[in-house]
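Trainee: Before I ask anything, here is the structure I am working with.
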Amino acid sequence: MIKLHTNHGVIALELDAAKAPKTVANFEQYVKDGFYDGTIFHRVIGGFMIQGGGFEPGMKQKSTQAPVENEANNGLKNEVGTIAMARTSDPHSATAQFFINVADNDFLNYPGQDGWGYCVFGRVVEGMDVVNKIKGVKTSRAGFHQDVPVEDVVIERAEVC
Amino acid sequence: MLTLFVSDVHLHPSRPQTARRFGEFLAEAQGAAALYILGDLFDAWAGDDDLPDPFNAGVCSALKALVDDGTQVFFLPGNRDFLVREAFAAATGARFLPDESVVDVAGVATLLLHGDTLCTDDRAYADFRAQVRSPQWQRDFLARPLAERKAEIAVLRARSEAGKRVKPAELMDVNPAAVAQAYARHGVARIIHGHTHRMARHAEAGGERWVLPDWDDAHGVALACDAAGCRWFEFPAP
């Protein structure tokens with residue numbers, strides 16, 4: 001189990017190493033390295049997902065390790081309360097950033113819109129109330145959409161339990 | 001001095017996540033010297049009298065915010081949004097570019113175009129393009145009521161989607177001779193275009209050719225160029 005100690009409370013995650021072995025190993029390594037400590041949820045979209053694990057307060061991007069292979073074709077779905085890896089349009093580009101689904105986002109499931117989709121590798125087992133608190137924080141708007149929390153949502157510490 | 005390029009965003013009210021991604025991109029683009037939109041920003045544009053539509057108004061005000069912030073925005077029409085006119089320019093602060101434009105990008109003369117005119121193997125499309133780009137056709141079309149134009153565009157969109165499923169793939173890609181001629185005709189060693197949705201950097205006899213990808217609900221990729229060269233510009237996301 002993984003615990004994310006945030007400034008809104010604790011989110012406990014159960015990872016599925018059987019279905020997404022490489023993704024889980026990748027995520028756990030970042031946790032053990034202390035990479036996530038002091039990072040923020042920088043993209044919060046209430047009806048969609050909360051994304052974090054790549055920036056420090058002030059939107060300072062952290063440098064990451066090599067990307068991990070996309071294991072989205074594992075039967076796990078982007079449903080409410082699941083955790084999945086963020087990536088660029090390169091299917092195998094996930095590094096540290098992840099997101100927690102706060103809606104059933106079918107369009108992210110394998111094969112998605114690009115033949116790959118987004119790899120789910122675990123789910124929230126405790127602290128869904130914390131996730132829901134985070135999805136409701138005030139975000140700033142520039143242009144017609146902008147999803148950066150006005151006040152930092154910080155992962156103070158992440159640990160493997 | 002960063003210059004950004006996008007094309008084929010295909011904004012449409014039926015794809016709200018794409019619009020969201022584009023809005024986020026515009027926020028990220030703040031600080032760039034210029035943003036070039038190389039066609040098909042909109043999946044359809046019935047005419048500037050559709051500007052008050054809330055979706056269109058939202059897009060335009062976001063572009064205006066970027067212009068007001070000091071980034072120059074240039075708009076080169078595509079095969080979906082070639083009916084954009086002066087009222088759009090006034091609402092956004094964007095400046096129009098001709099179909100084929102040579103621009104100095106950090107010291108490199110670069111040909112910008114949408115890319116449809118490079119797909120010379122698709123004769124049926126070339127005929128269609130010649131028809132809808134004629135001033136006579138556009139005058140007649142824009143004279144019809146907005147609702148009627150939108151209905152006709154919906155039919156054309158559906159027909160285009162159906163056509164893409166049956167057309168051979170090579171027909172919908174650029175013709176190598178047309179590309180070689182474009183380098184030579186404009187005396188450039190760099191071309192940036194979209195339209196084919198086949199994101200790539202091609203190293204060719206004439207120079208380098210960057211093909212911009214289309215956007216979808218999860219991702220939008222821009223090209224970023226400065227004195228060090230060009231590279232893809234995007235952020236991890238769903």
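We name chains A, B, ... following the order of the structure tokens; residues begin at 1 in each chain, and ligands are numbered from 1 as shown.
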As number ranges by chain, which residues of segment 99-137 of chain B does DSSP assign to alpha helix (DSSP H)?
Mentor: B: 123-132, 135-137
Trainee: Tyr36 of chain B: which residues within 10 Å, counting only C-alpha atoms, same-chain residues fewer than 2 positions away excluded, as a PDB file with N, CA and C atoms, in the first residue's frame?
Mentor:
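This went into part-v5.pdb:
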```pdb
ATOM      1  N   THR B   3       8.712  30.669 -30.669  1.00  0.00           N
ATOM      2  CA  THR B   3       7.608  30.738 -31.613  1.00  0.00           C
ATOM      3  C   THR B   3       6.895  29.388 -31.607  1.00  0.00           C
ATOM      4  N   LEU B   4       5.580  29.434 -31.461  1.00  0.00           N
ATOM      5  CA  LEU B   4       4.793  28.199 -31.360  1.00  0.00           C
ATOM      6  C   LEU B   4       3.925  28.013 -32.603  1.00  0.00           C
ATOM      7  N   PHE B   5       3.721  26.753 -32.966  1.00  0.00           N
ATOM      8  CA  PHE B   5       2.896  26.409 -34.124  1.00  0.00           C
ATOM      9  C   PHE B   5       1.906  25.312 -33.732  1.00  0.00           C
ATOM     10  N   VAL B   6       0.651  25.490 -34.121  1.00  0.00           N
ATOM     11  CA  VAL B   6      -0.344  24.425 -33.957  1.00  0.00           C
ATOM     12  C   VAL B   6      -1.189  24.365 -35.227  1.00  0.00           C
ATOM     13  N   SER B   7      -1.804  23.228 -35.438  1.00  0.00           N
ATOM     14  CA  SER B   7      -2.809  23.121 -36.502  1.00  0.00           C
ATOM     15  C   SER B   7      -3.770  22.008 -36.119  1.00  0.00           C
ATOM     16  N   ALA B  34       5.307  34.507 -30.489  1.00  0.00           N
ATOM     17  CA  ALA B  34       4.258  34.372 -31.497  1.00  0.00           C
ATOM     18  C   ALA B  34       3.669  32.979 -31.488  1.00  0.00           C
ATOM     19  N   LEU B  38      -1.964  27.044 -38.011  1.00  0.00           N
ATOM     20  CA  LEU B  38      -1.832  26.698 -39.427  1.00  0.00           C
ATOM     21  C   LEU B  38      -3.026  25.891 -39.952  1.00  0.00           C
ATOM     22  N   GLY B  39      -4.222  26.371 -39.652  1.00  0.00           N
ATOM     23  CA  GLY B  39      -5.411  25.802 -40.272  1.00  0.00           C
ATOM     24  C   GLY B  39      -6.162  24.809 -39.418  1.00  0.00           C
ATOM     25  N   GLN B  72       2.002  37.595 -30.315  1.00  0.00           N
ATOM     26  CA  GLN B  72       1.358  37.804 -31.615  1.00  0.00           C
ATOM     27  C   GLN B  72       0.713  36.490 -32.057  1.00  0.00           C
ATOM     28  N   VAL B  73      -0.509  36.559 -32.549  1.00  0.00           N
ATOM     29  CA  VAL B  73      -1.194  35.357 -33.040  1.00  0.00           C
ATOM     30  C   VAL B  73      -1.471  35.523 -34.529  1.00  0.00           C
ATOM     31  N   PHE B  74      -1.053  34.516 -35.292  1.00  0.00           N
ATOM     32  CA  PHE B  74      -1.258  34.516 -36.742  1.00  0.00           C
ATOM     33  C   PHE B  74      -2.153  33.358 -37.126  1.00  0.00           C
ATOM     34  N   PHE B  75      -3.028  33.603 -38.076  1.00  0.00           N
ATOM     35  CA  PHE B  75      -4.036  32.609 -38.461  1.00  0.00           C
ATOM     36  C   PHE B  75      -3.956  32.351 -39.959  1.00  0.00           C
ATOM     37  N   LEU B  76      -3.678  31.109 -40.296  1.00  0.00           N
ATOM     38  CA  LEU B  76      -3.642  30.696 -41.699  1.00  0.00           C
ATOM     39  C   LEU B  76      -4.798  29.706 -41.865  1.00  0.00           C
ATOM     40  N   ALA B  94      -6.001  38.334 -33.888  1.00  0.00           N
ATOM     41  CA  ALA B  94      -5.137  37.527 -34.752  1.00  0.00           C
ATOM     42  C   ALA B  94      -4.968  38.210 -36.105  1.00  0.00           C
ATOM     43  N   ARG B  95      -3.819  37.953 -36.727  1.00  0.00           N
ATOM     44  CA  ARG B  95      -3.576  38.485 -38.064  1.00  0.00           C
ATOM     45  C   ARG B  95      -3.577  37.347 -39.075  1.00  0.00           C
ATOM     46  N   PHE B  96      -4.185  37.586 -40.225  1.00  0.00           N
ATOM     47  CA  PHE B  96      -4.289  36.538 -41.233  1.00  0.00           C
ATOM     48  C   PHE B  96      -3.002  36.398 -42.031  1.00  0.00           C
ATOM     49  N   LEU B  97      -2.721  35.167 -42.409  1.00  0.00           N
ATOM     50  CA  LEU B  97      -1.596  34.884 -43.288  1.00  0.00           C
ATOM     51  C   LEU B  97      -2.134  34.273 -44.577  1.00  0.00           C
ATOM     52  N   LEU B 112       5.248  28.218 -44.269  1.00  0.00           N
ATOM     53  CA  LEU B 112       4.102  27.766 -43.482  1.00  0.00           C
ATOM     54  C   LEU B 112       2.922  27.579 -44.416  1.00  0.00           C
ATOM     55  N   ALA B 222       2.077  21.021 -29.766  1.00  0.00           N
ATOM     56  CA  ALA B 222       2.508  22.169 -30.562  1.00  0.00           C
ATOM     57  C   ALA B 222       3.965  21.954 -30.958  1.00  0.00           C
ATOM     58  N   LEU B 223       4.429  22.761 -31.897  1.00  0.00           N
ATOM     59  CA  LEU B 223       5.845  22.781 -32.242  1.00  0.00           C
ATOM     60  C   LEU B 223       6.404  24.093 -31.696  1.00  0.00           C
TER      61      LEU B 223
END
```
Trainee: Write out as number ranges by chain which residues come within 12 Å of Ile50 of chain A when counting only C-alpha atoms, dropping same-chain ones fewer than 3 positions away.
Mentor: A: 40-47, 53, 80-86, 97-103, 130-137, 139, 147-149, 153; B: 237-238
Trainee: Residues as selected, C-alpha atoms, written as a PDB file, in the first residue's frame, can you do that?
Mentor:
```
ATOM      1  CA  ILE A  40       1.581  19.403  -5.933  1.00  0.00           C
ATOM      2  CA  PHE A  41      -1.638  18.440  -7.661  1.00  0.00           C
ATOM      3  CA  HIS A  42      -1.214  21.037 -10.406  1.00  0.00           C
ATOM      4  CA  ARG A  43      -4.204  20.185 -12.598  1.00  0.00           C
ATOM      5  CA  VAL A  44      -7.564  19.742 -10.921  1.00  0.00           C
ATOM      6  CA  ILE A  45     -10.669  19.246 -13.042  1.00  0.00           C
ATOM      7  CA  GLY A  46     -13.676  18.503 -10.875  1.00  0.00           C
ATOM      8  CA  GLY A  47     -15.659  16.350 -13.283  1.00  0.00           C
ATOM      9  CA  GLY A  53       3.431  14.334  -9.124  1.00  0.00           C
ATOM     10  CA  VAL A  80     -13.800   6.728 -10.164  1.00  0.00           C
ATOM     11  CA  GLY A  81     -11.092   6.258  -7.555  1.00  0.00           C
ATOM     12  CA  THR A  82      -8.495   4.587  -9.774  1.00  0.00           C
ATOM     13  CA  ILE A  83      -4.969   5.895 -10.294  1.00  0.00           C
ATOM     14  CA  ALA A  84      -3.357   5.995 -13.739  1.00  0.00           C
ATOM     15  CA  MET A  85      -0.239   7.421 -15.351  1.00  0.00           C
ATOM     16  CA  ALA A  86      -0.206  10.733 -17.196  1.00  0.00           C
ATOM     17  CA  GLN A  97       3.068  12.320 -13.187  1.00  0.00           C
ATOM     18  CA  PHE A  98      -0.100  10.433 -12.352  1.00  0.00           C
ATOM     19  CA  PHE A  99      -3.790  11.170 -11.992  1.00  0.00           C
ATOM     20  CA  ILE A 100      -6.684   9.948  -9.887  1.00  0.00           C
ATOM     21  CA  ASN A 101      -9.943   9.593 -11.813  1.00  0.00           C
ATOM     22  CA  VAL A 102     -12.904  11.353 -10.210  1.00  0.00           C
ATOM     23  CA  ALA A 103     -15.267  10.266 -13.001  1.00  0.00           C
ATOM     24  CA  VAL A 130      -9.705  13.639   0.592  1.00  0.00           C
ATOM     25  CA  VAL A 131      -9.742  13.131  -3.183  1.00  0.00           C
ATOM     26  CA  ASN A 132     -13.204  14.667  -3.304  1.00  0.00           C
ATOM     27  CA  LYS A 133     -12.033  17.627  -1.231  1.00  0.00           C
ATOM     28  CA  ILE A 134      -9.165  18.178  -3.662  1.00  0.00           C
ATOM     29  CA  LYS A 135     -11.377  17.938  -6.740  1.00  0.00           C
ATOM     30  CA  GLY A 136     -13.484  20.745  -5.267  1.00  0.00           C
ATOM     31  CA  VAL A 137     -10.696  23.249  -4.595  1.00  0.00           C
ATOM     32  CA  THR A 139      -8.951  26.802  -9.519  1.00  0.00           C
ATOM     33  CA  ASP A 147      -7.268  24.205 -13.904  1.00  0.00           C
ATOM     34  CA  VAL A 148      -4.471  25.208 -11.554  1.00  0.00           C
ATOM     35  CA  PRO A 149      -5.538  25.286  -7.881  1.00  0.00           C
ATOM     36  CA  VAL A 153      -2.532  21.126  -2.978  1.00  0.00           C
TER      37      VAL A 153
ATOM     38  CA  ALA B 237      -1.878  14.668 -19.356  1.00  0.00           C
ATOM     39  CA  PRO B 238      -4.910  12.641 -19.968  1.00  0.00           C
TER      40      PRO B 238
END
```
Trainee: At most 10 Å is the cut-off: for each residue in chain B with any atom that close to an atom of chain A, write down the nearest atom pair and the distance in Å rounded to one decimal, counting only C-alpha atoms, chain first then increasing number, as a Markdown table.
Mentor:
```
| residue | atom | partner | partner_atom | distance |
| --- | --- | --- | --- | --- |
| B:Gln17 | CA | A:Phe48 | CA | 9.5 |
| B:Ala19 | CA | A:His145 | CA | 8.1 |
| B:Arg20 | CA | A:His145 | CA | 5.5 |
| B:Arg21 | CA | A:His145 | CA | 8.0 |
| B:Phe22 | CA | A:His145 | CA | 8.3 |
| B:Gly23 | CA | A:His145 | CA | 5.1 |
| B:Glu24 | CA | A:Gln146 | CA | 5.5 |
| B:Phe25 | CA | A:Gln146 | CA | 9.2 |
| B:Leu26 | CA | A:Gly143 | CA | 7.3 |
| B:Ala27 | CA | A:Ala142 | CA | 6.4 |
| B:Glu28 | CA | A:Gln146 | CA | 9.8 |
| B:Phe55 | CA | A:Phe144 | CA | 9.6 |
| B:Ala57 | CA | A:Phe144 | CA | 9.6 |
| B:Gly58 | CA | A:Phe144 | CA | 5.8 |
| B:Val59 | CA | A:Phe144 | CA | 7.0 |
| B:Cys60 | CA | A:Gly143 | CA | 9.1 |
| B:Ser61 | CA | A:Gly143 | CA | 6.7 |
| B:Ala62 | CA | A:Gly143 | CA | 4.0 |
| B:Leu63 | CA | A:Gly143 | CA | 7.5 |
| B:Lys64 | CA | A:Gly143 | CA | 8.5 |
| B:Ala65 | CA | A:Gly143 | CA | 6.4 |
| B:Leu66 | CA | A:Gly143 | CA | 8.0 |
| B:Pro213 | CA | A:Ser89 | CA | 9.7 |
| B:Trp215 | CA | A:Ser89 | CA | 9.6 |
| B:Asp216 | CA | A:Gln113 | CA | 7.5 |
| B:Asp217 | CA | A:Gln113 | CA | 8.1 |
| B:Ala218 | CA | A:Leu108 | CA | 7.9 |
| B:His219 | CA | A:Ser89 | CA | 6.1 |
| B:Gly220 | CA | A:Ser89 | CA | 7.7 |
| B:Val221 | CA | A:Ser89 | CA | 7.5 |
| B:Phe233 | CA | A:Thr88 | CA | 9.6 |
| B:Glu234 | CA | A:Thr88 | CA | 6.6 |
| B:Phe235 | CA | A:Thr88 | CA | 5.9 |
| B:Pro236 | CA | A:Arg87 | CA | 4.1 |
| B:Ala237 | CA | A:Ala86 | CA | 4.8 |
| B:Pro238 | CA | A:Ala86 | CA | 5.8 |
```
Trainee: Could you save the residues just selected, with N, CA and C atoms, as a JSON list (two decimals), in the first residue's frame?
Mentor:
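Ended up saving to result-v1.json:
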```
[["chain", "number", "residue", "atom", "x", "y", "z"],
["B", 17, "GLN", "N", -13.33, 18.31, -24.12],
["B", 17, "GLN", "CA", -11.99, 18.10, -23.54],
["B", 17, "GLN", "C", -10.90, 18.68, -24.44],
["B", 19, "ALA", "N", -11.26, 21.31, -26.33],
["B", 19, "ALA", "CA", -11.33, 22.75, -26.09],
["B", 19, "ALA", "C", -10.62, 23.10, -24.78],
["B", 20, "ARG", "N", -10.80, 22.26, -23.77],
["B", 20, "ARG", "CA", -10.14, 22.49, -22.48],
["B", 20, "ARG", "C", -8.62, 22.44, -22.65],
["B", 21, "ARG", "N", -8.15, 21.41, -23.37],
["B", 21, "ARG", "CA", -6.72, 21.25, -23.61],
["B", 21, "ARG", "C", -6.17, 22.49, -24.33],
["B", 22, "PHE", "N", -6.93, 22.98, -25.31],
["B", 22, "PHE", "CA", -6.46, 24.14, -26.07],
["B", 22, "PHE", "C", -6.41, 25.37, -25.17],
["B", 23, "GLY", "N", -7.41, 25.50, -24.31],
["B", 23, "GLY", "CA", -7.40, 26.61, -23.35],
["B", 23, "GLY", "C", -6.18, 26.55, -22.43],
["B", 24, "GLU", "N", -5.86, 25.34, -21.97],
["B", 24, "GLU", "CA", -4.67, 25.17, -21.12],
["B", 24, "GLU", "C", -3.40, 25.51, -21.91],
["B", 25, "PHE", "N", -3.39, 25.07, -23.17],
["B", 25, "PHE", "CA", -2.23, 25.36, -24.01],
["B", 25, "PHE", "C", -2.04, 26.87, -24.17],
["B", 26, "LEU", "N", -3.14, 27.60, -24.38],
["B", 26, "LEU", "CA", -3.02, 29.06, -24.55],
["B", 26, "LEU", "C", -2.46, 29.70, -23.29],
["B", 27, "ALA", "N", -2.85, 29.15, -22.13],
["B", 27, "ALA", "CA", -2.29, 29.67, -20.88],
["B", 27, "ALA", "C", -0.79, 29.38, -20.81],
["B", 28, "GLU", "N", -0.40, 28.18, -21.28],
["B", 28, "GLU", "CA", 1.02, 27.81, -21.29],
["B", 28, "GLU", "C", 1.80, 28.62, -22.33],
["B", 55, "PHE", "N", -19.62, 28.92, -27.73],
["B", 55, "PHE", "CA", -18.39, 28.15, -27.92],
["B", 55, "PHE", "C", -17.36, 28.97, -28.68],
["B", 57, "ALA", "N", -17.31, 32.20, -29.08],
["B", 57, "ALA", "CA", -16.96, 33.38, -28.29],
["B", 57, "ALA", "C", -15.90, 33.05, -27.25],
["B", 58, "GLY", "N", -16.03, 31.85, -26.64],
["B", 58, "GLY", "CA", -15.05, 31.42, -25.64],
["B", 58, "GLY", "C", -13.66, 31.25, -26.24],
["B", 59, "VAL", "N", -13.61, 30.62, -27.39],
["B", 59, "VAL", "CA", -12.32, 30.43, -28.06],
["B", 59, "VAL", "C", -11.70, 31.79, -28.41],
["B", 60, "CYS", "N", -12.54, 32.66, -28.96],
["B", 60, "CYS", "CA", -12.02, 33.97, -29.39],
["B", 60, "CYS", "C", -11.52, 34.79, -28.22],
["B", 61, "SER", "N", -12.23, 34.75, -27.08],
["B", 61, "SER", "CA", -11.78, 35.56, -25.95],
["B", 61, "SER", "C", -10.48, 35.01, -25.37],
["B", 62, "ALA", "N", -10.29, 33.68, -25.45],
["B", 62, "ALA", "CA", -9.02, 33.10, -24.97],
["B", 62, "ALA", "C", -7.86, 33.52, -25.87],
["B", 63, "LEU", "N", -8.10, 33.56, -27.18],
["B", 63, "LEU", "CA", -7.06, 34.02, -28.11],
["B", 63, "LEU", "C", -6.75, 35.50, -27.86],
["B", 64, "LYS", "N", -7.82, 36.28, -27.63],
["B", 64, "LYS", "CA", -7.67, 37.71, -27.38],
["B", 64, "LYS", "C", -6.82, 37.95, -26.13],
["B", 65, "ALA", "N", -7.05, 37.11, -25.08],
["B", 65, "ALA", "CA", -6.29, 37.26, -23.84],
["B", 65, "ALA", "C", -4.80, 37.04, -24.10],
["B", 66, "LEU", "N", -4.48, 36.06, -24.97],
["B", 66, "LEU", "CA", -3.08, 35.80, -25.29],
["B", 66, "LEU", "C", -2.47, 36.98, -26.05],
["B", 213, "PRO", "N", 0.59, 17.41, -35.62],
["B", 213, "PRO", "CA", -0.49, 16.43, -35.43],
["B", 213, "PRO", "C", -1.83, 17.11, -35.19],
["B", 215, "TRP", "N", -5.33, 17.33, -32.80],
["B", 215, "TRP", "CA", -5.55, 17.25, -31.36],
["B", 215, "TRP", "C", -6.71, 16.31, -31.08],
["B", 216, "ASP", "N", -6.66, 15.67, -29.90],
["B", 216, "ASP", "CA", -7.82, 14.87, -29.49],
["B", 216, "ASP", "C", -8.18, 15.25, -28.06],
["B", 217, "ASP", "N", -9.10, 14.49, -27.48],
["B", 217, "ASP", "CA", -9.60, 14.86, -26.16],
["B", 217, "ASP", "C", -8.52, 14.78, -25.08],
["B", 218, "ALA", "N", -7.48, 14.00, -25.31],
["B", 218, "ALA", "CA", -6.46, 13.83, -24.28],
["B", 218, "ALA", "C", -5.23, 14.69, -24.53],
["B", 219, "HIS", "N", -4.89, 14.90, -25.80],
["B", 219, "HIS", "CA", -3.61, 15.53, -26.06],
["B", 219, "HIS", "C", -3.62, 16.55, -27.16],
["B", 220, "GLY", "N", -2.76, 17.54, -26.98],
["B", 220, "GLY", "CA", -2.53, 18.53, -28.00],
["B", 220, "GLY", "C", -1.03, 18.81, -28.04],
["B", 221, "VAL", "N", -0.48, 18.73, -29.21],
["B", 221, "VAL", "CA", 0.96, 18.93, -29.36],
["B", 221, "VAL", "C", 1.20, 20.16, -30.23],
["B", 233, "PHE", "N", 6.25, 20.33, -28.29],
["B", 233, "PHE", "CA", 5.92, 21.05, -27.06],
["B", 233, "PHE", "C", 4.58, 20.52, -26.54],
["B", 234, "GLU", "N", 4.65, 19.77, -25.46],
["B", 234, "GLU", "CA", 3.40, 19.29, -24.84],
["B", 234, "GLU", "C", 3.69, 18.89, -23.41],
["B", 235, "PHE", "N", 2.63, 18.64, -22.67],
["B", 235, "PHE", "CA", 2.76, 18.28, -21.27],
["B", 235, "PHE", "C", 2.04, 16.97, -21.02],
["B", 236, "PRO", "N", 2.57, 16.16, -20.08],
["B", 236, "PRO", "CA", 1.87, 14.93, -19.74],
["B", 236, "PRO", "C", 0.46, 15.25, -19.27],
["B", 237, "ALA", "N", -0.48, 14.42, -19.69],
["B", 237, "ALA", "CA", -1.88, 14.67, -19.36],
["B", 237, "ALA", "C", -2.69, 13.45, -19.70],
["B", 238, "PRO", "N", -3.92, 13.42, -19.26],
["B", 238, "PRO", "CA", -4.91, 12.64, -19.97],
["B", 238, "PRO", "C", -5.85, 13.64, -20.66]]
```
Trainee: Name the residues of segment 153-197 of chain B that come out as strand (DSSP E or B) in a backbone DSSP run; write them as JSON, numbers by chain.
Mentor: {"B": [190, 191, 192, 193]}
Trainee: Can those selected residues be exported to a file as a PDB file, in the first residue's frame so that it contains N, CA and C atoms?
Mentor:
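As written to disk, result-v5.pdb reads:
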```pdb
ATOM      1  N   ARG B 190      13.053  24.907 -44.710  1.00  0.00           N
ATOM      2  CA  ARG B 190      12.199  24.371 -43.650  1.00  0.00           C
ATOM      3  C   ARG B 190      10.737  24.614 -44.017  1.00  0.00           C
ATOM      4  N   ILE B 191       9.934  23.561 -43.820  1.00  0.00           N
ATOM      5  CA  ILE B 191       8.489  23.665 -44.057  1.00  0.00           C
ATOM      6  C   ILE B 191       7.780  23.182 -42.789  1.00  0.00           C
ATOM      7  N   ILE B 192       6.748  23.899 -42.406  1.00  0.00           N
ATOM      8  CA  ILE B 192       5.898  23.446 -41.301  1.00  0.00           C
ATOM      9  C   ILE B 192       4.457  23.426 -41.813  1.00  0.00           C
ATOM     10  N   HIS B 193       3.802  22.282 -41.676  1.00  0.00           N
ATOM     11  CA  HIS B 193       2.404  22.196 -42.090  1.00  0.00           C
ATOM     12  C   HIS B 193       1.654  21.174 -41.249  1.00  0.00           C
TER      13      HIS B 193
END
```
Trainee: What is the atom CA of Leu171 of chain B-atom CA of Ala109 of chain B distance in Å, reported with one decimal?
Mentor: 28.8 Å
